[in-house]
Every structure is written in C-alpha cells, then in structure tokens.
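S.K.: What follows is work-v1.cif, made up of mmCIF, C-alpha atoms:
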```
data_protein
loop_
_atom_site.group_PDB
_atom_site.id
_atom_site.type_symbol
_atom_site.label_atom_id
_atom_site.label_comp_id
_atom_site.auth_asym_id
_atom_site.auth_seq_id
_atom_site.Cartn_x
_atom_site.Cartn_y
_atom_site.Cartn_z
ATOM 1 C CA MET A 239 -4.606 -32.657 -52.896
ATOM 2 C CA ARG A 240 -1.718 -31.950 -55.218
ATOM 3 C CA ILE A 241 1.932 -30.978 -55.008
ATOM 4 C CA ILE A 242 1.995 -27.232 -55.677
ATOM 5 C CA ALA A 243 5.504 -26.685 -57.087
ATOM 6 C CA GLY A 244 8.867 -28.233 -57.793
ATOM 7 C CA SER A 245 9.846 -31.450 -59.517
ATOM 8 C CA ARG A 246 6.522 -33.189 -58.711
ATOM 9 C CA ARG A 247 4.270 -30.195 -59.386
ATOM 10 C CA GLY A 248 0.689 -31.182 -60.145
ATOM 11 C CA HIS A 249 1.006 -34.772 -58.918
ATOM 12 C CA ALA A 250 -1.864 -35.930 -56.711
ATOM 13 C CA ILE A 251 -1.117 -37.059 -53.177
ATOM 14 C CA ALA A 252 -3.266 -39.230 -50.950
ATOM 15 C CA ALA A 253 -4.471 -38.475 -47.440
ATOM 16 C CA PRO A 254 -5.307 -41.058 -44.795
ATOM 17 C CA LYS A 255 -8.967 -42.022 -44.688
ATOM 18 C CA GLY A 256 -11.087 -41.004 -41.738
ATOM 19 C CA LEU A 257 -11.323 -37.941 -39.553
ATOM 20 C CA THR A 258 -8.154 -38.304 -37.477
ATOM 21 C CA THR A 259 -5.930 -36.471 -39.984
ATOM 22 C CA ARG A 260 -6.468 -32.934 -41.292
ATOM 23 C CA PRO A 261 -4.093 -32.477 -44.228
ATOM 24 C CA THR A 262 -2.801 -28.980 -44.892
ATOM 25 C CA GLY A 263 -4.794 -27.800 -47.887
ATOM 26 C CA ASP A 264 -3.233 -26.712 -51.157
ATOM 27 C CA ARG A 265 -3.886 -23.007 -50.571
ATOM 28 C CA VAL A 266 -2.337 -22.953 -47.093
ATOM 29 C CA ARG A 267 0.607 -25.090 -48.245
ATOM 30 C CA GLU A 268 1.259 -22.722 -51.129
ATOM 31 C CA ALA A 269 1.092 -19.747 -48.759
ATOM 32 C CA ALA A 270 3.492 -21.469 -46.349
ATOM 33 C CA PHE A 271 6.123 -22.053 -49.013
ATOM 34 C CA ASN A 272 5.709 -18.527 -50.359
ATOM 35 C CA LEU A 273 6.595 -17.322 -46.843
ATOM 36 C CA ILE A 274 9.393 -19.874 -46.366
ATOM 37 C CA GLY A 275 11.113 -19.212 -49.678
ATOM 38 C CA PRO A 276 13.583 -21.576 -51.381
ATOM 39 C CA VAL A 277 14.326 -24.872 -49.641
ATOM 40 C CA ASP A 278 16.999 -26.207 -52.007
ATOM 41 C CA GLY A 279 19.310 -28.577 -50.123
ATOM 42 C CA ALA A 280 17.444 -28.124 -46.823
ATOM 43 C CA THR A 281 17.148 -30.699 -44.076
ATOM 44 C CA VAL A 282 13.500 -30.833 -42.967
ATOM 45 C CA ILE A 283 11.521 -32.446 -40.171
ATOM 46 C CA ASP A 284 7.735 -32.683 -40.497
ATOM 47 C CA LEU A 285 6.305 -33.161 -36.993
ATOM 48 C CA PHE A 286 2.693 -34.369 -36.744
ATOM 49 C CA ALA A 287 3.131 -35.251 -40.432
ATOM 50 C CA GLY A 288 -0.345 -36.691 -41.067
ATOM 51 C CA SER A 289 -0.524 -37.142 -44.836
ATOM 52 C CA GLY A 290 3.013 -35.787 -45.190
ATOM 53 C CA ALA A 291 1.783 -32.998 -47.502
ATOM 54 C CA LEU A 292 4.131 -30.353 -46.074
ATOM 55 C CA GLY A 293 7.237 -32.544 -46.146
ATOM 56 C CA LEU A 294 6.385 -33.911 -49.588
ATOM 57 C CA GLU A 295 6.072 -30.345 -50.844
ATOM 58 C CA ALA A 296 9.493 -29.532 -49.377
ATOM 59 C CA LEU A 297 11.086 -32.540 -51.094
ATOM 60 C CA SER A 298 9.449 -31.638 -54.410
ATOM 61 C CA ARG A 299 10.855 -28.127 -54.049
ATOM 62 C CA GLY A 300 14.410 -29.351 -53.597
ATOM 63 C CA ALA A 301 14.874 -30.185 -49.921
ATOM 64 C CA ASN A 302 17.670 -32.729 -49.547
ATOM 65 C CA ARG A 303 16.186 -34.721 -46.672
ATOM 66 C CA CYS A 304 12.900 -34.934 -44.766
ATOM 67 C CA VAL A 305 12.074 -36.822 -41.594
ATOM 68 C CA PHE A 306 8.327 -37.437 -41.335
ATOM 69 C CA VAL A 307 7.149 -37.999 -37.754
ATOM 70 C CA GLU A 308 3.670 -39.440 -37.289
ATOM 71 C CA GLN A 309 2.273 -41.817 -34.681
ATOM 72 C CA ASP A 310 -0.760 -43.073 -36.631
ATOM 73 C CA GLU A 311 0.000 -46.288 -38.522
ATOM 74 C CA ALA A 312 -2.418 -45.610 -41.392
ATOM 75 C CA ALA A 313 -0.968 -42.128 -41.866
ATOM 76 C CA CYS A 314 2.571 -43.572 -41.981
ATOM 77 C CA ARG A 315 1.470 -46.041 -44.661
ATOM 78 C CA THR A 316 -0.009 -43.145 -46.645
ATOM 79 C CA ILE A 317 3.235 -41.138 -46.405
ATOM 80 C CA LEU A 318 5.237 -44.153 -47.580
ATOM 81 C CA ALA A 319 2.812 -44.715 -50.471
ATOM 82 C CA ASN A 320 3.046 -41.044 -51.470
ATOM 83 C CA LEU A 321 6.850 -41.174 -51.380
ATOM 84 C CA GLU A 322 6.869 -44.284 -53.553
ATOM 85 C CA LYS A 323 4.306 -42.899 -56.013
ATOM 86 C CA LEU A 324 6.187 -39.607 -56.342
ATOM 87 C CA ARG A 325 9.572 -41.366 -56.412
ATOM 88 C CA LEU A 326 10.965 -38.941 -53.847
ATOM 89 C CA THR A 327 14.178 -39.881 -52.082
ATOM 90 C CA GLY A 328 15.886 -38.586 -48.967
ATOM 91 C CA ALA A 329 12.957 -39.404 -46.690
ATOM 92 C CA VAL A 330 12.649 -41.235 -43.398
ATOM 93 C CA VAL A 331 9.257 -42.026 -41.851
ATOM 94 C CA LEU A 332 9.276 -42.398 -38.061
ATOM 95 C CA ARG A 333 6.192 -43.925 -36.491
ATOM 96 C CA GLN A 334 6.546 -42.114 -33.214
ATOM 97 C CA ASP A 335 4.838 -39.553 -31.026
ATOM 98 C CA ALA A 336 5.927 -36.115 -32.298
ATOM 99 C CA ARG A 337 6.522 -34.850 -28.765
ATOM 100 C CA GLN A 338 8.953 -37.682 -28.051
ATOM 101 C CA ALA A 339 10.631 -37.273 -31.440
ATOM 102 C CA LEU A 340 11.148 -33.578 -30.692
ATOM 103 C CA ILE A 341 12.933 -34.468 -27.456
ATOM 104 C CA ASP A 342 14.927 -37.338 -29.008
ATOM 105 C CA GLU A 343 16.086 -35.329 -32.040
ATOM 106 C CA ALA A 344 17.135 -32.353 -29.890
ATOM 107 C CA ARG A 345 19.022 -34.606 -27.434
ATOM 108 C CA ALA A 346 20.773 -36.343 -30.342
ATOM 109 C CA GLY A 347 22.015 -32.927 -31.495
ATOM 110 C CA ARG A 348 20.236 -33.067 -34.846
ATOM 111 C CA ARG A 349 19.530 -29.690 -36.417
ATOM 112 C CA TYR A 350 17.023 -28.913 -39.141
ATOM 113 C CA ASP A 351 16.890 -26.037 -41.611
ATOM 114 C CA LEU A 352 13.106 -26.272 -41.711
ATOM 115 C CA VAL A 353 10.867 -27.563 -38.919
ATOM 116 C CA LEU A 354 7.230 -28.070 -39.928
ATOM 117 C CA ILE A 355 4.796 -28.307 -37.002
ATOM 118 C CA ASP A 356 1.139 -29.026 -37.694
ATOM 119 C CA PRO A 357 -0.544 -30.743 -34.734
ATOM 120 C CA PRO A 358 -4.289 -31.283 -34.586
ATOM 121 C CA TYR A 359 -5.571 -27.755 -34.021
ATOM 122 C CA GLU A 360 -7.316 -28.546 -30.744
ATOM 123 C CA THR A 361 -4.128 -30.008 -29.221
ATOM 124 C CA TYR A 362 -1.741 -27.133 -29.953
ATOM 125 C CA PRO A 363 -1.947 -25.593 -26.438
ATOM 126 C CA VAL A 364 -0.780 -28.924 -24.960
ATOM 127 C CA HIS A 365 2.341 -28.863 -27.166
ATOM 128 C CA GLU A 366 3.378 -25.215 -26.845
ATOM 129 C CA ALA A 367 5.421 -25.577 -23.622
ATOM 130 C CA LEU A 368 7.449 -28.454 -25.085
ATOM 131 C CA LEU A 369 7.988 -26.552 -28.322
ATOM 132 C CA GLU A 370 9.180 -23.574 -26.268
ATOM 133 C CA THR A 371 11.870 -25.641 -24.550
ATOM 134 C CA GLN A 372 12.946 -28.096 -27.287
ATOM 135 C CA LEU A 373 12.457 -26.306 -30.607
ATOM 136 C CA PRO A 374 15.388 -23.860 -30.266
ATOM 137 C CA ALA A 375 17.806 -26.803 -29.962
ATOM 138 C CA LEU A 376 16.310 -28.550 -33.005
ATOM 139 C CA LEU A 377 16.366 -25.510 -35.263
ATOM 140 C CA ALA A 378 19.560 -24.863 -37.241
ATOM 141 C CA GLU A 379 21.168 -21.470 -36.636
ATOM 142 C CA ASP A 380 19.694 -20.034 -39.847
ATOM 143 C CA GLY A 381 16.669 -22.328 -39.735
ATOM 144 C CA LEU A 382 12.986 -21.623 -39.864
ATOM 145 C CA ALA A 383 10.112 -23.199 -37.933
ATOM 146 C CA VAL A 384 6.588 -23.083 -39.350
ATOM 147 C CA VAL A 385 3.734 -23.648 -36.905
ATOM 148 C CA GLU A 386 0.240 -24.225 -38.284
ATOM 149 C CA THR A 387 -2.598 -23.655 -35.833
ATOM 150 C CA ALA A 388 -6.269 -22.772 -35.905
ATOM 151 C CA GLY A 389 -6.759 -19.234 -37.185
ATOM 152 C CA ARG A 390 -7.737 -17.846 -33.788
ATOM 153 C CA VAL A 391 -4.636 -19.279 -32.067
ATOM 154 C CA HIS A 392 -1.463 -17.200 -32.142
ATOM 155 C CA PRO A 393 1.541 -19.305 -31.033
ATOM 156 C CA ARG A 394 3.961 -17.669 -28.597
ATOM 157 C CA LEU A 395 7.431 -19.185 -28.512
ATOM 158 C CA THR A 396 9.397 -16.553 -26.601
ATOM 159 C CA ARG A 397 12.819 -18.175 -27.029
ATOM 160 C CA LEU A 398 12.521 -17.668 -30.799
ATOM 161 C CA HIS A 399 11.870 -14.591 -32.936
ATOM 162 C CA GLU A 400 8.517 -14.468 -34.700
ATOM 163 C CA ARG A 401 9.147 -13.583 -38.336
ATOM 164 C CA THR A 402 5.470 -13.389 -39.309
ATOM 165 C CA SER A 403 2.037 -14.744 -38.459
ATOM 166 C CA ARG A 404 -0.748 -14.797 -41.027
ATOM 167 C CA ARG A 405 -4.244 -16.144 -41.119
ATOM 168 C CA TYR A 406 -5.592 -18.128 -44.075
ATOM 169 C CA GLY A 407 -9.259 -18.947 -43.462
ATOM 170 C CA ALA A 408 -9.436 -21.443 -40.601
ATOM 171 C CA ALA A 409 -5.626 -21.782 -40.427
ATOM 172 C CA ARG A 410 -2.805 -19.593 -39.112
ATOM 173 C CA LEU A 411 0.825 -19.913 -40.178
ATOM 174 C CA THR A 412 3.436 -18.521 -37.803
ATOM 175 C CA LEU A 413 7.111 -18.557 -38.747
ATOM 176 C CA PHE A 414 9.855 -18.519 -36.130
ATOM 177 C CA GLU A 415 13.636 -18.188 -36.326
ATOM 178 C CA HIS A 416 16.470 -17.703 -33.865
ATOM 179 C CA PRO A 417 16.817 -14.112 -32.641
ATOM 180 C CA ALA A 418 19.362 -12.124 -34.658
ATOM 181 C CA ASP A 419 21.321 -11.225 -31.525
ATOM 182 C CA GLY A 420 21.247 -14.758 -30.132
ATOM 183 C CA GLY A 421 19.369 -13.480 -27.080
ATOM 184 C CA GLN A 422 15.742 -13.499 -26.093
ATOM 185 C CA ALA A 423 13.206 -12.514 -28.740
#
```
Do you think you could lay out the structure here as structure tokens?

M.R.:
Amino acid sequence: MRIIAGSRRGHAIAAPKGLTTRPTGDRVREAAFNLIGPVDGATVIDLFAGSGALGLEALSRGANRCVFVEQDEAACRTILANLEKLRLTGAVVLRQDARQALIDEARAGRRYDLVLIDPPYETYPVHEALLETQLPALLAEDGLAVVETAGRVHPRLTRLHERTSRRYGAARLTLFEHPADGGQA
C-alpha cells in the first residue's frame, strides 16, 4: 500500500499482520479522495482506523489534524509506526472502541470536517443505528462523512443527506453531509 497523493505521495505504508484488519486499498482510497475533494486544513476523525490508510492519506493531502480510533493494539502500533515513518504531525491515536469514541466525541462537542468510517464489512449493520444518532452531532456544519461498506450494502443514515454512493469492486463508498435546509434528508 502507498500514499496516493499529497506531501507523502508514493511512500509505502504498513498494514497490521493477520486477517483482523482489511486496509482500504489504493484504488478505493484514491476514489474516496476524488469524491471528497480538497482537505486542506481539515480536522479529520478516522473511525475503525485499522492501518490508518484513510487518515494518513488525509494528512498527506493537507488535513491539519487527524484522530485515529482503533481498538486493536497491533493496529495502533502500525498507525504510530506509519506516522513516524512518514513524519506526519497533527495526529492522535486513540486505542478505543470506535462506537464509544463516536459517543464520547459527540458528547464532548467535538466537530470534524471529515469523518471516515470503515468498520469490518460484516459488522456494519450493527453500527448503523449508532451512526444514525451520533454522527450528525460529530459532523461539522459543512463536513462530510465517508462510509465504506461491502459493495452490496447501501448505508441509510436518514438524518443526513446522501451526496453519492458508488461501488468499487467489493467496496462501496457512500458520502453524507448535513441537509442543505437543516431538516430531514
């Protein structure tokens, strides 16, 4: 895996060993950031961070700050090693359950310009109800949430407006934002 664009373009990044982490591949990551657009100065949270590939890409592309949330200890060590190798600053790695972090960050009133959500594909249905209730509070007014799921799964977060949903092989990227009128999407 490599950083696709930005200040660290072309640099290799590591992924945790074993089968518990499924890093977002280069092609899907590139597609995600083509859909997202510029992230200069953005505040980002990478939930279910795994290898940290999405958040690392955001930092390379000019995001100001990224909070990586991952409960697996080996994955957290990999994120920290990638940050050190790439000499990226503005990062915090939280070894915590992403569901609890979502609740804690929303309750603390923290807002993010970009929320990256990439749970293990088979667990997405378990997380959708919590995302429905907590994600709107975590997302900055002009923010964007990117949900990566299995290609056959189409996330439905009715309190947010779906900007687009596209399939890339086995993966689907769905982008959400606050409704333009501030009401229900």

S.K.: Residues within 12 Å of Ala336 (chain A), please, as a ChimeraX atom specification. Count all atoms listed in the file; anything in the same chain fewer than 4 positions from it doesn't count.

M.R.: /A:283-288,305-310,331-332,340-343,353-358,365,368-369,372-373

S.K.: For region 408-418 of chain A, work out the shell of residues within 8 Å, counting all atoms listed in the file and skipping chain neighbours fewer than 3 positions away, then give it as a ChimeraX atom specification.

M.R.: /A:266,270,374,377,379-393,397-405,421-423

S.K.: List the spatial neighbours of Leu324 (chain A) as a list in words - criterion: any atom at most 12 Å away, all atoms listed in the file, same-chain residues fewer than 3 positions off excluded.

M.R.: Arg240, Ile241, Gly244, Ser245, Arg246, Arg247, Gly248, His249, Ala250, Ile251, Ala252, Ala291, Leu294, Glu295, Leu297, Ser298, Ile317, Leu318, Ala319, Asn320, Leu321, Thr327 and Ala329 of chain A

S.K.: Which value, in Å to one decimal, gives the distance between CA of Asp351 (chain A) and CA of Gly275 (chain A)?

M.R.: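 We find that CA of Asp351 (chain A) and CA of Gly275 (chain A) lie 12.0 Å from each other.
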
S.K.: Could you state the separation of CA of Arg349 (chain A) and CA of Leu326 (chain A) in Å, given to one decimal place?

M.R.: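 Spanning CA of Arg349 (chain A) to CA of Leu326 (chain A) is a straight-line distance of 21.5 Å.
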
S.K.: What is the CA of Ala346 (chain A)-CA of Arg333 (chain A) distance in Å, reported with one decimal?

M.R.: 17.5 Å

S.K.: Find the residue from A:Thr316, A:Thr371, A:Asn272, A:Thr361 that sits nearest to Pro254 (chain A); use all atoms listed in the file when measuring.

M.R.: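 Smallest separation from Pro254 (chain A) among the options: A:Thr316.
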
S.K.: Starting from the PyMOL selection byres ((chain A and resi 300) around 7), expand the selection into actual residues of this file and give them as a PyMOL selection string.

M.R.: chain A and resi 277-279+296-299+301-302

S.K.: So, counting all atoms listed in the file, which residue among A:Tyr359, A:Glu366, A:Met239, A:Leu376 is closest to Arg345 (chain A)?

M.R.: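 Nearest to Arg345 (chain A): A:Leu376.
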